[in-house]
$ cat upload_20.pdb   # PDB, C-alpha atoms and all ligand atoms
MODEL        1
ATOM      1  CA  MET B   1       2.784   3.713   2.395
ATOM      2  CA  LYS B   2       0.776   4.135   5.578
ATOM      3  CA  PHE B   3       0.737   1.457   8.306
ATOM      4  CA  VAL B   4      -1.379   1.467  11.401
ATOM      5  CA  LEU B   5       0.162   0.155  14.562
ATOM      6  CA  ALA B   6      -2.197  -1.989  16.631
ATOM      7  CA  THR B   7      -1.465  -0.447  20.009
ATOM      8  CA  GLN B   8      -2.668   2.195  22.448
ATOM      9  CA  ASN B   9       0.940   2.740  23.556
ATOM     10  CA  PRO B  10       2.532   5.843  21.913
ATOM     11  CA  LYS B  11       6.046   4.674  22.931
ATOM     12  CA  LYS B  12       5.720   1.689  20.610
ATOM     13  CA  LYS B  13       5.031   4.026  17.693
ATOM     14  CA  GLU B  14       8.170   6.098  18.396
ATOM     15  CA  GLU B  15      10.260   2.941  18.600
ATOM     16  CA  LEU B  16       8.886   1.538  15.321
ATOM     17  CA  ALA B  17       9.010   4.869  13.478
ATOM     18  CA  ALA B  18      12.661   5.330  14.517
ATOM     19  CA  ILE B  19      13.692   1.973  13.051
ATOM     20  CA  LEU B  20      11.534   2.156   9.883
ATOM     21  CA  GLY B  21      12.146   5.863   9.250
ATOM     22  CA  ASP B  22      14.495   5.439   6.297
ATOM     23  CA  LEU B  23      12.064   3.120   4.435
ATOM     24  CA  GLY B  24       9.808   6.098   3.787
ATOM     25  CA  VAL B  25       6.793   4.491   5.435
ATOM     26  CA  GLU B  26       4.345   6.370   7.621
ATOM     27  CA  ILE B  27       3.247   4.883  10.941
ATOM     28  CA  VAL B  28       0.011   5.969  12.568
ATOM     29  CA  THR B  29      -1.603   4.705  15.748
ATOM     30  CA  GLU B  30      -5.188   3.579  16.208
ATOM     31  CA  GLU B  31      -5.768   6.695  18.279
ATOM     32  CA  GLU B  32      -4.561   8.967  15.478
ATOM     33  CA  LEU B  33      -7.108   7.332  13.175
ATOM     34  CA  GLY B  34      -9.833   7.693  15.811
ATOM     35  CA  VAL B  35     -10.356   3.954  16.212
ATOM     36  CA  LYS B  36      -9.988   1.700  19.222
ATOM     37  CA  VAL B  37     -10.119  -1.967  18.404
ATOM     38  CA  GLU B  38     -10.614  -4.242  21.415
ATOM     39  CA  VAL B  39      -8.770  -7.463  20.660
ATOM     40  CA  GLU B  40      -9.043 -10.396  23.026
ATOM     41  CA  GLU B  41      -5.626 -11.985  23.269
ATOM     42  CA  THR B  42      -6.916 -15.534  23.157
ATOM     43  CA  GLY B  43      -3.947 -17.057  21.291
ATOM     44  CA  ASN B  44      -1.739 -19.743  22.798
ATOM     45  CA  THR B  45       1.382 -18.211  21.309
ATOM     46  CA  PHE B  46       2.855 -14.739  20.862
ATOM     47  CA  GLY B  47       2.556 -15.213  17.099
ATOM     48  CA  GLU B  48      -1.174 -15.965  17.293
ATOM     49  CA  ASN B  49      -1.826 -12.928  19.488
ATOM     50  CA  ALA B  50       0.223 -10.616  17.271
ATOM     51  CA  ALA B  51      -1.708 -11.904  14.229
ATOM     52  CA  LEU B  52      -5.085 -11.464  15.980
ATOM     53  CA  LYS B  53      -4.214  -7.813  16.723
ATOM     54  CA  ALA B  54      -2.843  -7.033  13.248
ATOM     55  CA  LYS B  55      -5.787  -8.663  11.458
ATOM     56  CA  ALA B  56      -8.467  -6.984  13.605
ATOM     57  CA  VAL B  57      -6.946  -3.525  13.144
ATOM     58  CA  MET B  58      -6.393  -4.068   9.410
ATOM     59  CA  GLU B  59     -10.064  -5.051   9.046
ATOM     60  CA  ALA B  60     -11.259  -2.079  11.127
ATOM     61  CA  THR B  61      -9.175   0.508   9.267
ATOM     62  CA  GLY B  62      -8.699  -0.935   5.766
ATOM     63  CA  LEU B  63      -4.972  -0.166   6.115
ATOM     64  CA  PRO B  64      -1.988  -2.505   6.443
ATOM     65  CA  ALA B  65      -1.644  -3.099  10.182
ATOM     66  CA  ILE B  66       1.192  -4.139  12.473
ATOM     67  CA  GLY B  67       0.531  -6.083  15.681
ATOM     68  CA  ASP B  68       3.030  -7.304  18.235
ATOM     69  CA  ASP B  69       3.078  -9.487  21.297
ATOM     70  CA  SER B  70       5.878 -10.208  23.741
ATOM     71  CA  GLY B  71       6.519 -11.969  26.996
ATOM     72  CA  LEU B  72       8.878 -13.744  29.330
ATOM     73  CA  CYS B  73       9.265 -17.542  29.261
ATOM     74  CA  VAL B  74      10.977 -19.245  32.202
ATOM     75  CA  ASP B  75      12.246 -22.800  31.571
ATOM     76  CA  ALA B  76      11.772 -24.064  35.155
ATOM     77  CA  MET B  77       8.218 -22.654  35.117
ATOM     78  CA  LYS B  78       7.355 -24.631  31.961
ATOM     79  CA  GLY B  79       7.453 -21.473  29.838
ATOM     80  CA  ALA B  80       5.310 -19.326  32.167
ATOM     81  CA  PRO B  81       4.390 -16.491  32.395
ATOM     82  CA  GLY B  82       4.497 -16.693  28.543
ATOM     83  CA  VAL B  83       1.437 -15.222  26.841
ATOM     84  CA  TYR B  84       0.122 -14.290  30.307
ATOM     85  CA  SER B  85       3.160 -12.069  31.067
ATOM     86  CA  ALA B  86       1.165  -8.815  31.253
ATOM     87  CA  ARG B  87      -1.390 -10.239  33.685
ATOM     88  CA  TYR B  88       0.573 -12.967  35.488
ATOM     89  CA  GLY B  89      -0.670 -13.264  39.095
ATOM     90  CA  GLY B  90      -3.677 -11.036  38.357
ATOM     91  CA  GLU B  91      -4.440  -7.827  36.479
ATOM     92  CA  GLU B  92      -4.162  -5.773  39.673
ATOM     93  CA  LEU B  93      -0.497  -6.555  40.398
ATOM     94  CA  SER B  94       2.187  -3.924  39.824
ATOM     95  CA  ASP B  95       5.336  -4.716  37.816
ATOM     96  CA  GLU B  96       7.235  -4.981  41.119
ATOM     97  CA  GLU B  97       4.727  -7.437  42.553
ATOM     98  CA  ARG B  98       4.830  -9.514  39.371
ATOM     99  CA  CYS B  99       8.635  -9.680  39.553
ATOM    100  CA  ALA B 100       8.385 -10.688  43.217
ATOM    101  CA  LEU B 101       5.957 -13.459  42.288
ATOM    102  CA  VAL B 102       8.329 -14.892  39.679
ATOM    103  CA  LEU B 103      11.194 -14.760  42.219
ATOM    104  CA  GLU B 104       8.996 -16.609  44.716
ATOM    105  CA  MET B 105       8.100 -19.276  42.144
ATOM    106  CA  MET B 106      11.832 -19.651  41.417
ATOM    107  CA  HIS B 107      12.861 -19.893  45.083
ATOM    108  CA  GLY B 108      15.383 -22.723  45.498
ATOM    109  CA  GLN B 109      15.425 -23.401  41.760
ATOM    110  CA  THR B 110      18.913 -23.824  40.290
ATOM    111  CA  ASP B 111      17.828 -23.841  36.632
ATOM    112  CA  ARG B 112      17.362 -20.075  36.130
ATOM    113  CA  ALA B 113      17.243 -20.078  32.287
ATOM    114  CA  ALA B 114      14.668 -17.751  30.710
ATOM    115  CA  HIS B 115      14.072 -15.847  27.522
ATOM    116  CA  PHE B 116      11.991 -12.994  26.218
ATOM    117  CA  GLU B 117      10.196 -13.399  22.907
ATOM    118  CA  THR B 118       8.536 -10.903  20.552
ATOM    119  CA  TYR B 119       6.452 -11.543  17.457
ATOM    120  CA  ILE B 120       5.532  -8.784  15.048
ATOM    121  CA  VAL B 121       2.913  -9.487  12.379
ATOM    122  CA  CYS B 122       2.033  -7.255   9.435
ATOM    123  CA  ALA B 123      -1.346  -7.900   7.770
ATOM    124  CA  PHE B 124      -2.325  -6.322   4.444
ATOM    125  CA  PRO B 125      -5.882  -5.719   3.170
ATOM    126  CA  ASN B 126      -5.153  -7.956   0.139
ATOM    127  CA  GLY B 127      -4.611 -10.946   2.456
ATOM    128  CA  ASP B 128      -0.801 -10.857   2.410
ATOM    129  CA  TRP B 129       0.945 -11.073   5.752
ATOM    130  CA  PHE B 130       4.364 -11.747   7.202
ATOM    131  CA  ALA B 131       5.810 -12.187  10.673
ATOM    132  CA  ALA B 132       9.114 -11.435  12.364
ATOM    133  CA  LYS B 133      10.395 -12.940  15.596
ATOM    134  CA  GLY B 134      13.012 -11.874  18.117
ATOM    135  CA  GLU B 135      14.390 -13.585  21.193
ATOM    136  CA  CYS B 136      16.742 -12.664  23.991
ATOM    137  CA  HIS B 137      18.152 -15.320  26.314
ATOM    138  CA  GLY B 138      19.186 -14.825  29.906
ATOM    139  CA  ALA B 139      18.472 -15.940  33.456
ATOM    140  CA  ILE B 140      16.158 -15.054  36.310
ATOM    141  CA  ALA B 141      18.184 -13.107  38.884
ATOM    142  CA  PHE B 142      17.982 -13.914  42.613
ATOM    143  CA  ALA B 143      16.740 -10.405  43.451
ATOM    144  CA  PRO B 144      15.561  -7.374  41.441
ATOM    145  CA  MET B 145      18.396  -5.145  40.214
ATOM    146  CA  GLY B 146      18.097  -1.774  38.480
ATOM    147  CA  LYS B 147      15.267   0.680  38.014
ATOM    148  CA  ASN B 148      15.266   1.151  34.232
ATOM    149  CA  GLY B 149      12.782  -0.263  31.758
ATOM    150  CA  PHE B 150       9.510  -1.908  32.720
ATOM    151  CA  GLY B 151       7.871  -5.266  33.409
ATOM    152  CA  TYR B 152      10.311  -8.013  34.269
ATOM    153  CA  ASP B 153      13.442  -5.986  33.378
ATOM    154  CA  PRO B 154      14.880  -5.871  36.943
ATOM    155  CA  ILE B 155      14.896  -9.686  37.275
ATOM    156  CA  PHE B 156      16.130 -10.577  33.758
ATOM    157  CA  PHE B 157      19.903 -11.075  34.023
ATOM    158  CA  ARG B 158      22.231 -11.286  31.037
ATOM    159  CA  THR B 159      25.470 -13.185  31.677
ATOM    160  CA  GLU B 160      27.170 -11.544  28.678
ATOM    161  CA  GLU B 161      26.674  -8.011  30.004
ATOM    162  CA  GLN B 162      26.696  -9.045  33.706
ATOM    163  CA  LYS B 163      23.626  -6.940  34.394
ATOM    164  CA  THR B 164      19.856  -7.076  34.281
ATOM    165  CA  PHE B 165      17.743  -5.301  31.646
ATOM    166  CA  GLY B 166      16.791  -3.019  34.547
ATOM    167  CA  GLN B 167      20.427  -1.917  34.844
ATOM    168  CA  MET B 168      20.813  -1.133  31.126
ATOM    169  CA  THR B 169      20.159   2.093  29.268
ATOM    170  CA  ALA B 170      17.382   1.976  26.664
ATOM    171  CA  GLU B 171      20.065   1.883  23.904
ATOM    172  CA  GLU B 172      22.015  -0.955  25.525
ATOM    173  CA  LYS B 173      18.822  -2.964  25.913
ATOM    174  CA  ALA B 174      17.552  -2.288  22.379
ATOM    175  CA  ALA B 175      20.831  -3.558  20.880
ATOM    176  CA  ILE B 176      20.268  -7.069  22.287
ATOM    177  CA  SER B 177      16.611  -7.287  23.295
ATOM    178  CA  HIS B 178      13.892  -9.537  21.899
ATOM    179  CA  ARG B 179      11.993  -6.439  20.684
ATOM    180  CA  GLY B 180      15.143  -4.919  19.128
ATOM    181  CA  ASN B 181      15.891  -8.206  17.357
ATOM    182  CA  ALA B 182      12.277  -8.587  16.167
ATOM    183  CA  LEU B 183      12.190  -4.994  14.915
ATOM    184  CA  ARG B 184      15.438  -5.422  12.968
ATOM    185  CA  SER B 185      14.143  -8.634  11.386
ATOM    186  CA  PHE B 186      10.782  -6.937  10.684
ATOM    187  CA  LYS B 187      12.540  -4.080   8.909
ATOM    188  CA  THR B 188      14.432  -6.492   6.635
ATOM    189  CA  LYS B 189      11.197  -8.345   5.786
ATOM    190  CA  LEU B 190       9.229  -5.161   5.166
ATOM    191  CA  GLU B 191      11.985  -3.809   2.923
ATOM    192  CA  LYS B 192      11.825  -7.058   0.882
ATOM    193  CA  TYR B 193       8.005  -6.944   0.708
ATOM    194  CA  LEU B 194       8.002  -3.345  -0.530
ATOM    195  CA  ARG B 195      10.695  -4.153  -3.118
ATOM    196  CA  GLU B 196       8.675  -7.114  -4.426
ATOM    197  CA  HIS B 197       5.379  -5.188  -4.368
ATOM    198  CA  PRO B 198       6.197  -1.763  -5.815
ATOM    199  CA  GLU B 199       2.462  -1.197  -6.354
ATOM    200  CA  ALA B 200       1.867  -1.418  -2.591
TER     201      ALA B 200
HETATM  202  P1  LIG B 301       3.733  -6.579  25.152
HETATM  203  O1  LIG B 301       3.103  -7.653  24.322
HETATM  204  O2  LIG B 301       4.924  -5.964  24.488
HETATM  205  O3  LIG B 301       2.743  -5.566  25.643
HETATM  206  O4  LIG B 301       4.336  -7.314  26.454
HETATM  207  C1  LIG B 301       3.501  -8.070  27.329
HETATM  208  C2  LIG B 301       4.127  -8.175  28.701
HETATM  209  O5  LIG B 301       5.359  -8.908  28.645
HETATM  210  C3  LIG B 301       4.496  -6.839  29.329
HETATM  211  O6  LIG B 301       3.402  -6.296  30.034
HETATM  212  C4  LIG B 301       5.633  -7.244  30.282
HETATM  213  O7  LIG B 301       5.112  -7.796  31.474
HETATM  214  C5  LIG B 301       6.317  -8.358  29.519
HETATM  215  N1  LIG B 301       7.422  -7.805  28.706
HETATM  216  C6  LIG B 301       7.458  -7.729  27.350
HETATM  217  N2  LIG B 301       8.603  -7.156  26.939
HETATM  218  C7  LIG B 301       9.297  -6.864  28.056
HETATM  219  C8  LIG B 301      10.562  -6.251  28.274
HETATM  220  O8  LIG B 301      11.292  -5.832  27.356
HETATM  221  N3  LIG B 301      10.944  -6.133  29.557
HETATM  222  C9  LIG B 301      10.189  -6.555  30.596
HETATM  223  N4  LIG B 301       9.003  -7.114  30.454
HETATM  224  C10 LIG B 301       8.548  -7.281  29.189
ENDMDL
END
$ encode --input "upload_20.pdb" --output "structure tokens"
Amino acid sequence: MKFVLATQNPKKKEELAAILGDLGVEIVTEEELGVKVEVEETGNTFGENAALKAKAVMEATGLPAIGDDSGLCVDAMKGAPGVYSARYGGEELSDEERCALVLEMMHGQTDRAAHFETYIVCAFPNGDWFAAKGECHGAIAFAPMGKNGFGYDPIFFRTEEQKTFGQMTAEEKAAISHRGNALRSFKTKLEKYLREHPEA
């Protein structure tokens, strides 16, 4: 069965194809199908945004579509940057500047608790859909550490591993990350859906 991934990011396809490989499903990107669906991320939650993306791409292509949305939620910042993670502080900021802004907002704050969240939604042309969620809990560091990864990785500290996401290898991060957890849950749900819908 062919699924289209609602993203312009080829890395996300590799990641998804690697985890779903043994289910015998084919993943294609919007670009590979020659479509580019502009979806306004107007949802108040990661789940709403993931569903908006999946539904729009499913409608544009007529194929089952997978959409995802992730972000960082900081307790002492009332859950910000949340759904605004990618553009927190303004579209023009670099990842480094965005990390610096969060550190500034957290200056003098003793409650450093934070978590990353990912929602993945799969929407089928027959109206069926399901969602998978993943979380990863940690703390906002006092300074950026590590150069790996992207986004807020250098300031997201995990007590268990005693390092930030920015100090982990891609494999170390994937084993515990919000996206890794969401992808593993998504795989289980997709496997169940395909078993219960052999005609799909
Ligand atoms: P997306 O929905 O996966 O594109 O993520 C939206 C934004 O959340 C990204 O642009 C990053 O700022 C932030 N983000 C999501 N996942 C991660 C992560 O694993 N590490 C660091 N930042 C992340």
$ resolve_selection --input "upload_20.pdb" --expression "the PyMOL selection byres (((not hetatm)) within 7 of (chain B and resi 301))" --output "list in words"
Asp68, Asp69, Ser70, Gly71, Leu72, Ser85, Ala86, Phe116, Gly149, Phe150, Gly151, Tyr152, Asp153, Ser177 and Arg179 of chain B
$ residues_near_point --input "upload_20.pdb" --point "(0.7, -5.9, 16.3)" --cutoff "6 Å" --atoms "only C-alpha atoms" --output "list in words"
Ala6, Ala50, Lys53, Ala54, Ile66, Gly67, Asp68, Ile120 and Val121 of chain B
$ write_last_selection --input "upload_20.pdb" --atoms "C-alpha atoms" --output "PDB file, in the coordinates of the input"
ATOM      1  CA  ALA B   6      -2.197  -1.989  16.631  1.00  0.00           C
ATOM      2  CA  ALA B  50       0.223 -10.616  17.271  1.00  0.00           C
ATOM      3  CA  LYS B  53      -4.214  -7.813  16.723  1.00  0.00           C
ATOM      4  CA  ALA B  54      -2.843  -7.033  13.248  1.00  0.00           C
ATOM      5  CA  ILE B  66       1.192  -4.139  12.473  1.00  0.00           C
ATOM      6  CA  GLY B  67       0.531  -6.083  15.681  1.00  0.00           C
ATOM      7  CA  ASP B  68       3.030  -7.304  18.235  1.00  0.00           C
ATOM      8  CA  ILE B 120       5.532  -8.784  15.048  1.00  0.00           C
ATOM      9  CA  VAL B 121       2.913  -9.487  12.379  1.00  0.00           C
TER      10      VAL B 121
END
$ resolve_selection --input "upload_20.pdb" --expression "the PyMOL selection byres (((chain B and resi 173) around 12) and not hetatm)" --output "list in words"
Cys136, Asn148, Gly149, Phe150, Asp153, Phe156, Phe157, Arg158, Glu161, Lys163, Thr164, Phe165, Gly166, Gln167, Met168, Thr169, Ala170, Glu171, Glu172, Ala174, Ala175, Ile176, Ser177, His178, Arg179, Gly180 and Asn181 of chain B
$ closest_residue --input "upload_20.pdb" --among "B:Leu183, B:Ala56, B:Leu103, B:Val37" --to "Glu135 of chain B" --atoms "all atoms listed in the file"
B:Leu183
$ closest_residue --input "upload_20.pdb" --among "B:Tyr84, B:Tyr193, B:Phe3, B:Tyr119" --to "Ala131 of chain B" --atoms "only C-alpha atoms"
B:Tyr119
$ residues_around --input "upload_20.pdb" --residues "Thr110 of chain B" --least-positions-apart "3" --cutoff "12 Å" --atoms "only C-alpha atoms" --output "list of chain:residue names"
B:Asp75, B:Ala76, B:Met77, B:Met105, B:Met106, B:His107, B:Ala113, B:Ala139, B:Ile140, B:Ala141, B:Phe142
$ decode --input "upload_20.pdb" --residues "segment 169-192 of chain B" --atoms "N, CA, C and O atoms" --output "short mmCIF file (atom, residue, chain, number, x, y, z; two decimals), in the first residue's frame"
data_model
loop_
_atom_site.label_atom_id
_atom_site.label_comp_id
_atom_site.auth_asym_id
_atom_site.auth_seq_id
_atom_site.Cartn_x
_atom_site.Cartn_y
_atom_site.Cartn_z
N THR B 169 23.98 10.93 19.83
CA THR B 169 24.01 10.52 18.43
C THR B 169 22.55 10.41 17.97
O THR B 169 21.63 10.34 18.80
N ALA B 170 22.35 10.34 16.66
CA ALA B 170 20.98 10.23 16.13
C ALA B 170 20.31 8.96 16.69
O ALA B 170 19.12 8.97 17.03
N GLU B 171 21.08 7.87 16.82
CA GLU B 171 20.53 6.59 17.32
C GLU B 171 20.13 6.70 18.78
O GLU B 171 19.06 6.24 19.18
N GLU B 172 21.02 7.32 19.58
CA GLU B 172 20.72 7.49 21.01
C GLU B 172 19.43 8.30 21.18
O GLU B 172 18.57 7.97 21.99
N LYS B 173 19.33 9.36 20.39
CA LYS B 173 18.16 10.24 20.50
C LYS B 173 16.89 9.50 20.06
O LYS B 173 15.86 9.55 20.74
N ALA B 174 16.97 8.80 18.94
CA ALA B 174 15.78 8.12 18.40
C ALA B 174 15.22 7.08 19.36
O ALA B 174 14.03 6.82 19.38
N ALA B 175 16.11 6.48 20.19
CA ALA B 175 15.66 5.43 21.10
C ALA B 175 14.76 5.97 22.20
O ALA B 175 13.97 5.23 22.79
N ILE B 176 14.86 7.27 22.49
CA ILE B 176 14.08 7.84 23.62
C ILE B 176 13.24 9.05 23.22
O ILE B 176 12.44 9.52 24.01
N SER B 177 13.42 9.53 22.00
CA SER B 177 12.79 10.82 21.64
C SER B 177 11.28 10.72 21.44
O SER B 177 10.73 9.64 21.19
N HIS B 178 10.65 11.87 21.50
CA HIS B 178 9.22 12.01 21.21
C HIS B 178 8.90 11.44 19.83
O HIS B 178 7.94 10.71 19.65
N ARG B 179 9.74 11.78 18.82
CA ARG B 179 9.46 11.32 17.46
C ARG B 179 9.66 9.81 17.37
O ARG B 179 8.86 9.11 16.77
N GLY B 180 10.73 9.30 18.00
CA GLY B 180 10.98 7.85 18.03
C GLY B 180 9.80 7.13 18.67
O GLY B 180 9.30 6.13 18.15
N ASN B 181 9.33 7.66 19.81
CA ASN B 181 8.21 7.02 20.52
C ASN B 181 6.93 7.09 19.68
O ASN B 181 6.17 6.11 19.62
N ALA B 182 6.69 8.22 19.03
CA ALA B 182 5.49 8.36 18.19
C ALA B 182 5.57 7.42 16.99
O ALA B 182 4.57 6.78 16.63
N LEU B 183 6.74 7.31 16.41
CA LEU B 183 6.90 6.43 15.24
C LEU B 183 6.68 4.97 15.61
O LEU B 183 6.05 4.22 14.87
N ARG B 184 7.20 4.58 16.78
CA ARG B 184 7.01 3.17 17.21
C ARG B 184 5.53 2.89 17.48
O ARG B 184 5.01 1.84 17.09
N SER B 185 4.85 3.85 18.11
CA SER B 185 3.42 3.67 18.36
C SER B 185 2.64 3.67 17.04
O SER B 185 1.71 2.88 16.83
N PHE B 186 3.05 4.55 16.11
CA PHE B 186 2.40 4.63 14.80
C PHE B 186 2.53 3.30 14.07
O PHE B 186 1.56 2.80 13.47
N LYS B 187 3.70 2.70 14.15
CA LYS B 187 3.93 1.43 13.45
C LYS B 187 2.98 0.35 13.98
O LYS B 187 2.36 -0.38 13.21
N THR B 188 2.85 0.29 15.30
CA THR B 188 1.95 -0.71 15.92
C THR B 188 0.52 -0.48 15.44
O THR B 188 -0.20 -1.43 15.09
N LYS B 189 0.09 0.79 15.40
CA LYS B 189 -1.29 1.09 14.99
C LYS B 189 -1.51 0.82 13.51
O LYS B 189 -2.56 0.33 13.11
N LEU B 190 -0.52 1.11 12.70
CA LEU B 190 -0.66 0.86 11.26
C LEU B 190 -0.71 -0.64 10.98
O LEU B 190 -1.52 -1.11 10.17
N GLU B 191 0.13 -1.38 11.70
CA GLU B 191 0.14 -2.84 11.55
C GLU B 191 -1.25 -3.40 11.86
O GLU B 191 -1.78 -4.22 11.12
N LYS B 192 -1.87 -2.91 12.94
CA LYS B 192 -3.21 -3.35 13.36
C LYS B 192 -4.24 -2.96 12.29
O LYS B 192 -5.08 -3.77 11.90
#
